[in-house]
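Just structure_27.txt here, compact mmCIF, C-alpha atoms and all ligand atoms:
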```txt
# COMPACT_ATOMS: atom_id res chain seq x y z
CA MET D 1 133.23 68.21 115.08
CA THR D 2 129.77 69.77 114.95
CA THR D 3 126.99 67.19 115.13
CA ILE D 4 123.27 67.34 114.31
CA GLU D 5 122.60 67.57 118.06
CA ASP D 6 124.94 70.58 118.35
CA ALA D 7 123.18 72.26 115.44
CA ASN D 8 119.75 71.58 116.92
CA PHE D 9 120.88 72.90 120.28
CA ALA D 10 122.24 76.11 118.72
CA LEU D 11 119.04 76.60 116.72
CA GLN D 12 117.11 76.86 119.98
CA LYS D 13 118.41 80.43 120.18
CA VAL D 14 116.13 81.40 117.28
CA LEU D 15 112.79 82.49 118.68
CA ASP D 16 109.28 83.18 117.45
CA ALA D 17 108.73 86.91 118.05
CA GLY D 18 105.28 86.41 119.47
CA SER D 19 105.37 83.34 121.74
CA GLN D 20 109.11 83.52 122.44
CA LYS D 21 109.23 79.76 121.86
CA ASN D 22 112.17 78.51 119.85
CA VAL D 23 112.00 77.20 116.30
CA ILE D 24 112.95 73.65 117.30
CA GLU D 25 110.25 73.47 119.96
CA LEU D 26 107.74 74.85 117.45
CA ALA D 27 108.88 72.30 114.82
CA TRP D 28 109.53 75.13 112.37
CA ILE D 29 112.91 73.58 111.50
CA LYS D 30 112.99 70.14 109.94
CA ASN D 31 115.67 67.88 108.50
CA VAL D 32 118.90 69.25 109.88
CA ARG D 33 121.70 67.61 107.89
CA VAL D 34 125.34 68.19 108.80
CA THR D 35 128.09 67.32 106.32
CA ILE D 36 131.04 69.40 107.45
CA PRO D 37 131.61 72.16 106.41
CA ARG D 38 127.99 72.38 105.28
CA VAL D 39 124.65 72.34 107.11
CA ILE D 40 121.35 72.01 105.30
CA VAL D 41 118.11 72.78 107.13
CA THR D 42 114.52 72.93 106.01
CA LEU D 43 112.44 75.81 107.30
CA SER D 44 108.75 75.01 107.51
CA LEU D 45 106.79 77.96 108.78
CA PRO D 46 103.04 77.98 109.37
CA SER D 47 101.34 80.71 107.36
CA PHE D 48 100.83 83.00 110.34
CA ALA D 49 104.60 83.15 110.84
CA ASN D 50 105.59 83.87 107.24
CA SER D 51 106.15 87.53 108.00
CA GLN D 52 109.04 86.50 110.25
CA ARG D 53 110.70 84.40 107.58
CA ASP D 54 113.53 86.76 106.58
CA ARG D 55 114.57 87.40 110.16
CA ILE D 56 114.48 83.70 111.03
CA VAL D 57 116.57 82.79 107.96
CA LEU D 58 119.20 85.36 108.98
CA GLU D 59 119.29 84.16 112.58
CA VAL D 60 119.45 80.46 111.61
CA ARG D 61 122.36 81.22 109.30
CA LYS D 62 124.14 83.21 111.98
CA VAL D 63 123.89 80.65 114.80
CA LEU D 64 125.13 77.87 112.52
CA LEU D 65 128.01 79.89 111.06
CA ASP D 66 129.20 80.49 114.62
CA PHE D 67 130.52 76.90 114.60
CA GLU D 68 134.16 76.99 113.56
CA ASP D 69 133.94 74.02 111.22
CA ILE D 70 130.80 75.25 109.39
CA ASP D 71 131.13 77.75 106.60
CA ASP D 72 128.16 76.94 104.39
CA VAL D 73 124.52 77.03 105.54
CA GLN D 74 121.81 76.10 103.08
CA ILE D 75 118.23 76.81 104.03
CA GLU D 76 115.48 75.11 102.11
CA ILE D 77 112.07 76.68 102.45
CA ASP D 78 109.20 74.23 102.67
CA ASN D 79 106.55 76.17 100.80
CA ASN D 80 103.95 73.53 101.31
CA PRO D 81 103.89 72.78 105.00
CA SER D 82 100.41 71.32 104.71
CA LYS D 83 101.23 68.25 106.72
CA THR D 84 103.00 70.13 109.46
CA GLU D 85 100.57 73.04 109.33
CA SER D 86 97.92 71.16 111.20
CA GLN D 87 100.49 69.86 113.65
CA ASN D 88 101.78 73.36 114.09
CA GLN D 89 98.37 74.76 114.75
CA SER D 90 98.69 73.30 118.22
CA ASN D 91 102.04 75.05 118.49
CA ALA D 92 100.60 78.36 117.36
CA PRO D 93 100.96 80.83 120.16
CA GLU D 94 98.00 80.61 122.46
CA LEU D 95 96.02 83.81 122.52
CA GLN D 96 95.42 85.10 126.01
CA LYS D 97 92.27 87.13 126.60
CA ILE D 98 92.42 90.16 128.85
CA ASP D 99 89.89 89.70 131.63
CA GLY D 100 87.04 92.17 131.38
CA ILE D 101 87.74 93.37 127.82
CA ARG D 102 85.05 92.45 125.30
CA HIS D 103 86.50 93.72 122.04
CA ILE D 104 89.94 94.75 120.89
CA ILE D 105 90.02 96.91 117.79
CA ALA D 106 93.43 97.49 116.18
CA ILE D 107 93.91 100.64 114.12
CA SER D 108 96.72 100.26 111.66
CA SER D 109 98.26 101.86 108.60
CA GLY D 110 100.90 100.95 106.08
CA LYS D 111 102.83 104.16 106.66
CA GLY D 112 103.01 107.06 109.10
CA GLY D 113 101.27 110.40 108.76
CA VAL D 114 98.03 109.13 107.22
CA GLY D 115 96.01 109.98 110.35
CA LYS D 116 95.98 106.59 112.10
CA SER D 117 96.31 108.09 115.60
CA THR D 118 93.72 110.75 114.79
CA ILE D 119 91.25 108.04 113.78
CA ALA D 120 92.10 105.88 116.83
CA VAL D 121 91.56 108.79 119.24
CA ASN D 122 88.34 109.98 117.62
CA LEU D 123 86.94 106.47 117.26
CA ALA D 124 87.60 105.90 120.98
CA CYS D 125 85.94 109.25 121.87
CA SER D 126 83.00 108.49 119.65
CA LEU D 127 82.47 105.05 121.23
CA ALA D 128 82.78 106.52 124.73
CA LYS D 129 80.19 109.18 123.91
CA LEU D 130 77.77 106.42 122.96
CA GLY D 131 78.17 105.04 126.45
CA SER D 132 80.60 102.22 125.69
CA LYS D 133 83.33 101.68 128.25
CA THR D 134 86.36 102.42 126.12
CA GLY D 135 90.11 102.19 126.50
CA LEU D 136 92.83 103.48 124.20
CA LEU D 137 96.22 101.81 124.05
CA ASP D 138 98.73 103.87 122.15
CA ALA D 139 101.24 101.27 121.01
CA ASP D 140 102.75 103.55 118.38
CA ILE D 141 106.19 103.33 119.88
CA TYR D 142 107.73 105.47 117.16
CA GLY D 143 105.30 108.39 117.43
CA PRO D 144 103.17 108.07 120.57
CA ASN D 145 101.20 111.28 120.26
CA THR D 146 97.78 110.35 121.64
CA PRO D 147 98.57 111.96 125.05
CA SER D 148 98.99 115.34 123.37
CA MET D 149 95.91 114.77 121.16
CA MET D 150 93.95 114.01 124.36
CA GLY D 151 95.45 116.93 126.32
CA VAL D 152 97.20 114.77 128.92
CA ALA D 153 100.81 114.93 127.71
CA GLU D 154 101.94 116.41 131.03
CA GLN D 155 100.40 113.66 133.15
CA ASN D 156 102.08 110.53 134.45
CA PRO D 157 100.08 107.39 135.06
CA LYS D 158 100.27 106.01 138.58
CA VAL D 159 100.87 102.40 139.51
CA THR D 160 98.92 100.25 141.90
CA GLU D 161 100.32 99.23 145.27
CA GLY D 162 102.37 96.07 145.48
CA SER D 163 105.66 95.16 143.95
CA GLY D 164 107.15 93.57 140.86
CA SER D 165 104.74 91.75 138.59
CA ASP D 166 101.80 92.43 140.97
CA GLN D 167 101.94 96.10 140.13
CA ARG D 168 99.57 97.47 137.52
CA LEU D 169 99.68 100.70 135.57
CA ILE D 170 96.58 102.84 136.15
CA PRO D 171 95.40 104.43 132.87
CA ILE D 172 94.87 108.18 132.62
CA ASN D 173 91.18 108.98 132.34
CA LYS D 174 90.12 111.70 129.91
CA TYR D 175 86.89 112.24 127.97
CA GLY D 176 85.63 109.01 129.52
CA ILE D 177 88.49 107.03 128.00
CA SER D 178 91.14 105.01 129.83
CA LEU D 179 94.40 105.87 128.11
CA VAL D 180 97.79 104.23 128.26
CA SER D 181 100.54 105.35 125.91
CA MET D 182 104.18 104.71 125.23
CA GLY D 183 104.37 108.50 125.31
CA PHE D 184 104.01 108.34 129.11
CA LEU D 185 107.04 106.11 129.38
CA ILE D 186 109.55 107.57 126.97
CA GLU D 187 110.96 111.07 127.07
CA GLU D 188 109.99 113.44 124.32
CA GLY D 189 112.60 113.82 121.60
CA GLN D 190 114.51 110.69 122.62
CA PRO D 191 115.35 108.28 119.81
CA VAL D 192 113.63 104.95 120.34
CA ILE D 193 115.33 101.79 119.18
CA TRP D 194 113.43 98.63 120.04
CA ARG D 195 114.62 95.12 119.51
CA GLY D 196 112.00 92.46 118.83
CA PRO D 197 112.02 90.74 122.26
CA MET D 198 112.03 94.09 124.10
CA LEU D 199 109.14 95.33 122.04
CA ASN D 200 107.27 92.10 122.59
CA SER D 201 107.60 92.35 126.36
CA ILE D 202 106.56 96.01 126.51
CA ILE D 203 103.48 95.30 124.42
CA ARG D 204 102.54 92.40 126.66
CA GLN D 205 102.95 94.63 129.71
CA PHE D 206 100.65 97.18 128.13
CA LEU D 207 98.07 94.51 127.54
CA TYR D 208 98.22 92.51 130.74
CA GLN D 209 99.73 94.78 133.40
CA VAL D 210 97.32 97.68 133.17
CA GLU D 211 94.23 98.19 135.32
CA TRP D 212 91.90 98.27 132.34
CA ASN D 213 88.94 97.08 134.42
CA ASN D 214 85.85 96.29 132.39
CA LEU D 215 85.87 97.63 128.84
CA ASP D 216 83.49 97.18 125.94
CA PHE D 217 86.22 98.30 123.52
CA LEU D 218 89.97 98.60 123.72
CA VAL D 219 91.14 100.59 120.71
CA ILE D 220 94.82 100.02 119.91
CA ASP D 221 96.79 102.57 117.93
CA LEU D 222 99.48 100.42 116.31
CA PRO D 223 102.78 101.68 114.94
CA PRO D 224 102.73 102.10 111.15
CA GLY D 225 103.96 99.27 108.94
CA THR D 226 104.21 95.53 109.32
CA GLY D 227 106.78 95.00 112.02
CA ASP D 228 107.33 93.24 115.31
CA ALA D 229 104.69 95.25 117.20
CA GLN D 230 101.88 94.02 114.97
CA ILE D 231 103.13 90.45 115.16
CA SER D 232 103.55 90.54 118.94
CA LEU D 233 100.09 91.95 119.39
CA SER D 234 98.38 89.53 117.02
CA GLN D 235 100.10 86.57 118.64
CA SER D 236 99.31 87.67 122.20
CA VAL D 237 95.71 88.68 122.35
CA PRO D 238 92.54 87.82 120.40
CA ILE D 239 91.79 90.87 118.23
CA SER D 240 88.12 91.31 117.33
CA GLY D 241 89.10 93.19 114.21
CA ALA D 242 91.59 95.50 112.55
CA ILE D 243 90.84 98.69 110.67
CA VAL D 244 93.36 99.82 108.05
CA VAL D 245 93.68 103.56 107.51
CA THR D 246 94.87 104.91 104.18
CA THR D 247 94.82 108.15 102.22
CA PRO D 248 93.55 108.13 98.63
CA GLN D 249 97.10 108.34 97.23
CA GLN D 250 98.65 105.45 95.30
CA VAL D 251 101.79 105.33 97.49
CA SER D 252 99.66 105.04 100.58
CA LEU D 253 97.66 102.22 98.98
CA GLN D 254 100.73 100.11 98.30
CA ASP D 255 101.72 100.30 101.96
CA ALA D 256 98.18 99.61 103.09
CA ARG D 257 98.10 96.47 100.90
CA ARG D 258 101.13 95.11 102.75
CA GLY D 259 99.36 95.81 106.05
CA LEU D 260 96.23 94.00 104.92
CA ALA D 261 98.24 91.01 103.72
CA MET D 262 99.99 90.84 107.08
CA PHE D 263 96.73 90.75 109.05
CA LYS D 264 95.42 88.04 106.76
CA GLN D 265 98.57 85.99 107.30
CA LEU D 266 98.30 86.45 111.04
CA GLY D 267 94.66 85.40 110.98
CA VAL D 268 93.35 88.72 112.35
CA PRO D 269 89.79 89.52 111.17
CA LEU D 270 89.57 92.73 109.14
CA LEU D 271 86.71 95.14 109.82
CA GLY D 272 87.33 97.43 106.88
CA ILE D 273 89.13 100.40 105.43
CA VAL D 274 89.00 104.01 106.56
CA GLU D 275 90.08 106.54 103.95
CA ASN D 276 91.42 109.66 105.63
CA MET D 277 92.12 113.02 103.97
CA SER D 278 89.65 112.11 101.21
CA VAL D 279 88.83 115.74 100.39
CA PHE D 280 89.80 119.15 101.72
CA ILE D 281 86.94 121.29 102.99
CA PRO D 282 88.01 124.98 103.13
CA PRO D 283 86.78 126.63 106.36
CA ASP D 284 85.49 129.68 104.48
CA MET D 285 83.69 127.60 101.81
CA PRO D 286 82.23 124.57 103.63
CA GLY D 287 80.23 123.65 100.53
CA LYS D 288 83.40 123.03 98.48
CA LYS D 289 85.43 119.83 98.46
CA TYR D 290 88.86 119.50 96.88
CA GLU D 291 90.33 116.07 96.15
CA ILE D 292 93.90 117.11 96.78
CA PHE D 293 95.29 113.58 97.26
CA GLY D 294 93.42 111.98 94.36
CA LYS D 295 90.31 109.91 94.46
CA GLY D 296 88.97 106.43 95.04
CA GLY D 297 91.96 104.86 96.81
CA GLY D 298 90.02 103.62 99.83
CA GLN D 299 87.27 102.15 97.66
CA THR D 300 89.83 100.39 95.45
CA LEU D 301 91.46 98.82 98.47
CA ALA D 302 88.10 97.83 99.93
CA ASN D 303 87.01 96.23 96.63
CA GLU D 304 90.30 94.38 96.17
CA ASN D 305 89.90 92.77 99.60
CA ASP D 306 86.16 92.43 99.65
CA LEU D 307 85.95 94.67 102.70
CA PRO D 308 83.67 97.60 103.52
CA LEU D 309 84.92 101.17 103.11
CA LEU D 310 83.86 102.22 106.60
CA ALA D 311 84.35 105.96 106.27
CA GLN D 312 85.89 108.73 104.20
CA ILE D 313 87.21 111.48 106.45
CA PRO D 314 87.76 114.96 105.02
CA ILE D 315 90.68 117.25 105.86
CA GLU D 316 89.38 119.99 108.12
CA ILE D 317 91.49 122.68 109.71
CA PRO D 318 89.57 122.64 113.03
CA LEU D 319 90.52 118.98 113.38
CA VAL D 320 94.21 119.95 113.49
CA ASP D 321 93.64 123.06 115.65
CA ASP D 322 91.57 121.25 118.25
CA SER D 323 93.88 118.24 118.24
CA ASN D 324 96.82 120.57 118.92
CA LYS D 325 94.85 121.97 121.87
CA GLY D 326 94.32 118.46 123.23
CA VAL D 327 90.64 118.12 122.33
CA PRO D 328 89.69 115.53 119.70
CA ILE D 329 87.21 116.90 117.16
CA SER D 330 84.64 114.23 118.06
CA ILE D 331 84.45 115.93 121.47
CA SER D 332 84.91 119.60 120.52
CA GLN D 333 82.83 119.74 117.33
CA PRO D 334 80.75 116.56 116.97
CA ASN D 335 78.80 118.02 114.05
CA LYS D 336 81.83 118.71 111.85
CA GLU D 337 82.02 116.45 108.81
CA SER D 338 85.17 114.71 110.03
CA SER D 339 83.50 113.87 113.39
CA VAL D 340 80.42 112.54 111.68
CA ALA D 341 82.55 110.52 109.26
CA VAL D 342 84.51 108.94 112.14
CA SER D 343 81.23 107.84 113.71
CA TYR D 344 80.44 105.92 110.48
CA THR D 345 83.16 103.46 111.46
CA HIS D 346 80.97 102.15 114.24
CA SER D 347 77.42 103.45 114.16
CA PRO D 348 74.55 101.90 112.31
CA SER D 349 74.39 104.05 109.24
CA PRO D 350 73.63 103.65 105.56
CA ARG D 351 77.34 103.08 105.01
CA ASP D 352 78.10 100.39 107.56
CA ALA D 353 77.62 99.15 111.05
CA THR D 354 80.66 97.01 111.39
CA LEU D 355 81.47 97.22 115.08
CA TYR D 356 77.83 96.60 115.87
CA ARG D 357 77.96 93.42 113.88
CA MET D 358 80.66 91.98 116.06
CA PRO D 359 79.55 89.13 118.26
CA SER D 360 78.39 90.50 121.59
CA SER D 361 80.36 88.08 123.68
CA ALA D 362 83.62 87.72 121.75
P1 LIG D 401 99.62 108.86 111.97
O1 LIG D 401 99.14 108.34 113.28
O2 LIG D 401 99.13 108.06 110.80
O3 LIG D 401 101.10 109.09 111.92
P2 LIG D 401 98.36 111.35 112.78
O4 LIG D 401 97.02 110.94 113.23
O5 LIG D 401 99.40 111.66 113.82
O6 LIG D 401 98.95 110.31 111.74
O7 LIG D 401 98.14 112.60 111.81
C1 LIG D 401 99.25 113.28 111.22
C2 LIG D 401 98.89 114.77 111.16
O8 LIG D 401 97.81 114.96 110.24
C3 LIG D 401 98.44 115.34 112.50
O9 LIG D 401 98.94 116.64 112.63
C4 LIG D 401 96.91 115.36 112.37
O10 LIG D 401 96.33 116.39 113.15
C5 LIG D 401 96.73 115.62 110.89
N1 LIG D 401 95.48 115.03 110.36
C6 LIG D 401 95.15 113.73 110.34
N2 LIG D 401 93.93 113.56 109.77
C7 LIG D 401 93.48 114.78 109.44
C8 LIG D 401 92.28 115.28 108.82
N3 LIG D 401 91.32 114.46 108.42
N4 LIG D 401 92.16 116.63 108.67
C9 LIG D 401 93.16 117.45 109.04
N5 LIG D 401 94.31 117.05 109.61
C10 LIG D 401 94.48 115.73 109.81
```
Is it possible to give me this structure as structure tokens?
Amino acid sequence: MTTIEDANFALQKVLDAGSQKNVIELAWIKNVRVTIPRVIVTLSLPSFANSQRDRIVLEVRKVLLDFEDIDDVQIEIDNNPSKTESQNQSNAPELQKIDGIRHIIAISSGKGGVGKSTIAVNLACSLAKLGSKTGLLDADIYGPNTPSMMGVAEQNPKVTEGSGSDQRLIPINKYGISLVSMGFLIEEGQPVIWRGPMLNSIIRQFLYQVEWNNLDFLVIDLPPGTGDAQISLSQSVPISGAIVVTTPQQVSLQDARRGLAMFKQLGVPLLGIVENMSVFIPPDMPGKKYEIFGKGGGQTLANENDLPLLAQIPIEIPLVDDSNKGVPISISQPNKESSVAVSYTHSPSPRDATLYRMPSSA
């Protein structure tokens, strides 16, 4: 007959996506009561782990229903884990700095196609041009297109001498940026299906098994949405700040709100909002601006969250053309409006100087 000990033992299979510790060890499960054929457990998650709740509930249910004499699993959610919260703080995954990297900036968006990678690439180029030692980690496992935006899609990064875990990936250097991308590791056109633990380990390899050397900024292009990649990253490494990219459209805003809420839950500082595709500037009439995706979305989001609107980037055809040729617009045409707007995300300007305000020895 299944005992409380059996149930506790089985529950050790349910893991935190970030630290890979199990829910018993983390004290996220309390009060396991077994009255055959029923088990009742209380789930008490710290706030930073709330985004994993649905998955954990499913997995808890599954491991307990695997016992032949259990056919009813009741999960009570402890919505007020105030007492355990402080205990759990010590169980919160320990963030591990990457030696030599001063600031990690995560670029994120609620959904794909809003220009997140474009902003990540151009922000990295813009920082490098200012003389900052800059790296770019393309963690967008579902659409790793920074190698083609940087004109290095055909290259393969080398590895250092040594074997096994001693080996390090050597980033590709282009435009003064050290680049590592999932695009170097997966074949073009191949479907990519990542399970949480696999994704977690590949992200950790990208962080800790790359010869980043000394960097002022590591810009990370995250996959869109609020999934395992964001959680793994936030629970591995201390992020100086996240920037959320949106377009002015309402649908984009709803997704961006979810992204913002996730970073807040995970305790990641937010630097601000970048609104991309704010207006269309026709190449033959550079004085005209058309608000083809509506107006004010970025500002609304910024106001709602008491964050700065760092930049509003226009749609410009040369941005697409040059990007397709492998040259980011911040390099090819630094005076174009989109290049100048990208530089607002970091340079002291009337609009903001967010990255400059970050502590110099974070
Ligand atoms: P995401 O990373 O959010 O999926 P991308 O950066 O890959 O989005 O951009 C999607 C497409 O939109 C790309 O073809 C890119 O060149 C184009 N794009 C992004 N921002 C702009 C812009 N401001 N002006 C013109 N084209 C843009």
(message) Residues near Leu123 in chain D, anyone? I mean within 7 Å using all atoms listed in the file, not counting same-chain ones fewer than 3 positions away, as a ChimeraX atom specification.
(response) /D:119-120,126-127,342-343
Chain D near ligand LIG 401 (chain D) within 7 Å: what's each residue's closest atom pair and its distance in Å to one decimal, counting only C-alpha atoms and all ligand atoms, ordered by chain then ascending residue number, as CSV?
```
residue,atom,partner,partner_atom,distance
D:Ser109,CA,D:LIG401,O2,6.6
D:Lys111,CA,D:LIG401,O2,6.8
D:Gly112,CA,D:LIG401,O3,4.0
D:Gly113,CA,D:LIG401,O3,3.4
D:Val114,CA,D:LIG401,O2,3.9
D:Gly115,CA,D:LIG401,O4,3.2
D:Lys116,CA,D:LIG401,O2,3.7
D:Ser117,CA,D:LIG401,O1,3.7
D:Thr118,CA,D:LIG401,O4,3.7
D:Ile119,CA,D:LIG401,O4,6.5
D:Gly143,CA,D:LIG401,O3,7.0
D:Asn145,CA,D:LIG401,O5,6.7
D:Pro224,CA,D:LIG401,O2,7.0
D:Asn276,CA,D:LIG401,N3,5.6
D:Met277,CA,D:LIG401,N3,4.7
D:Ile313,CA,D:LIG401,N3,5.4
D:Pro314,CA,D:LIG401,N3,4.9
D:Ile315,CA,D:LIG401,N4,3.2
D:Glu316,CA,D:LIG401,N4,4.4
D:Ile317,CA,D:LIG401,C9,5.5
D:Leu319,CA,D:LIG401,C9,5.3
D:Val320,CA,D:LIG401,O10,4.2
D:Ser323,CA,D:LIG401,O10,5.9
D:Ser338,CA,D:LIG401,N3,6.4
```
(message) Taking all atoms listed in the file into account, name the residue in D:Ile231, D:Ala128, D:Ile105, D:Ile141 that is nearest to Val219 in chain D.
(response)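 The shortest atom-to-atom distance to Val219 in chain D comes from D:Ile105.
CA of Ala124 in chain D is positioned 25.3 Å from CA of Asp306 in chain D.
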(request) Would you list the contacts of range 70-73 of chain D as a ChimeraX atom specification, taking every protein, DNA or RNA residue within 12 Å and counting all atoms listed in the file, but skipping same-chain residues closer than 6 positions in sequence? (result) /D:1-4,6-7,32-42,57-64
Would you mind exporting the chosen residues as an mmCIF file, in the frame of the given file, restricted to C-alpha atoms?
```cif
data_model
loop_
_atom_site.group_PDB
_atom_site.id
_atom_site.type_symbol
_atom_site.label_atom_id
_atom_site.label_comp_id
_atom_site.auth_asym_id
_atom_site.auth_seq_id
_atom_site.Cartn_x
_atom_site.Cartn_y
_atom_site.Cartn_z
ATOM 1 C CA MET D 1 133.230 68.210 115.080
ATOM 2 C CA THR D 2 129.770 69.770 114.950
ATOM 3 C CA THR D 3 126.990 67.190 115.130
ATOM 4 C CA ILE D 4 123.270 67.340 114.310
ATOM 5 C CA ASP D 6 124.940 70.580 118.350
ATOM 6 C CA ALA D 7 123.180 72.260 115.440
ATOM 7 C CA VAL D 32 118.900 69.250 109.880
ATOM 8 C CA ARG D 33 121.700 67.610 107.890
ATOM 9 C CA VAL D 34 125.340 68.190 108.800
ATOM 10 C CA THR D 35 128.090 67.320 106.320
ATOM 11 C CA ILE D 36 131.040 69.400 107.450
ATOM 12 C CA PRO D 37 131.610 72.160 106.410
ATOM 13 C CA ARG D 38 127.990 72.380 105.280
ATOM 14 C CA VAL D 39 124.650 72.340 107.110
ATOM 15 C CA ILE D 40 121.350 72.010 105.300
ATOM 16 C CA VAL D 41 118.110 72.780 107.130
ATOM 17 C CA THR D 42 114.520 72.930 106.010
ATOM 18 C CA VAL D 57 116.570 82.790 107.960
ATOM 19 C CA LEU D 58 119.200 85.360 108.980
ATOM 20 C CA GLU D 59 119.290 84.160 112.580
ATOM 21 C CA VAL D 60 119.450 80.460 111.610
ATOM 22 C CA ARG D 61 122.360 81.220 109.300
ATOM 23 C CA LYS D 62 124.140 83.210 111.980
ATOM 24 C CA VAL D 63 123.890 80.650 114.800
ATOM 25 C CA LEU D 64 125.130 77.870 112.520
#
```
(request) Mind giving me the straight-line distance from CA of Ser330 in chain D to CA of Asn122 in chain D in Å, one decimal? (result) 5.7 Å
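Using all atoms listed in the file for every distance, the candidate list D:Asp138, D:Glu68, D:Glu291, D:Glu154 yields D:Asp138 as the residue closest to Leu218 in chain D.
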(message) Between CA of Gln254 in chain D and CA of Met149 in chain D, what is the distance in Å, rounded to a tenth?
(response) 27.6 Å
Near Lys174 in chain D, counting all atoms listed in the file, which residues have an atom at most 10 Å away, once you skip same-chain residues fewer than 3 positions from it, shown as a CSV table (one decimal) with C-alpha atoms, keeping the file's coordinate frame?
```
chain,number,residue,atom,x,y,z
D,125,CYS,CA,85.9,109.2,121.9
D,147,PRO,CA,98.6,112.0,125.0
D,150,MET,CA,94.0,114.0,124.4
D,151,GLY,CA,95.4,116.9,126.3
D,152,VAL,CA,97.2,114.8,128.9
D,171,PRO,CA,95.4,104.4,132.9
D,177,ILE,CA,88.5,107.0,128.0
D,178,SER,CA,91.1,105.0,129.8
D,179,LEU,CA,94.4,105.9,128.1
D,327,VAL,CA,90.6,118.1,122.3
```
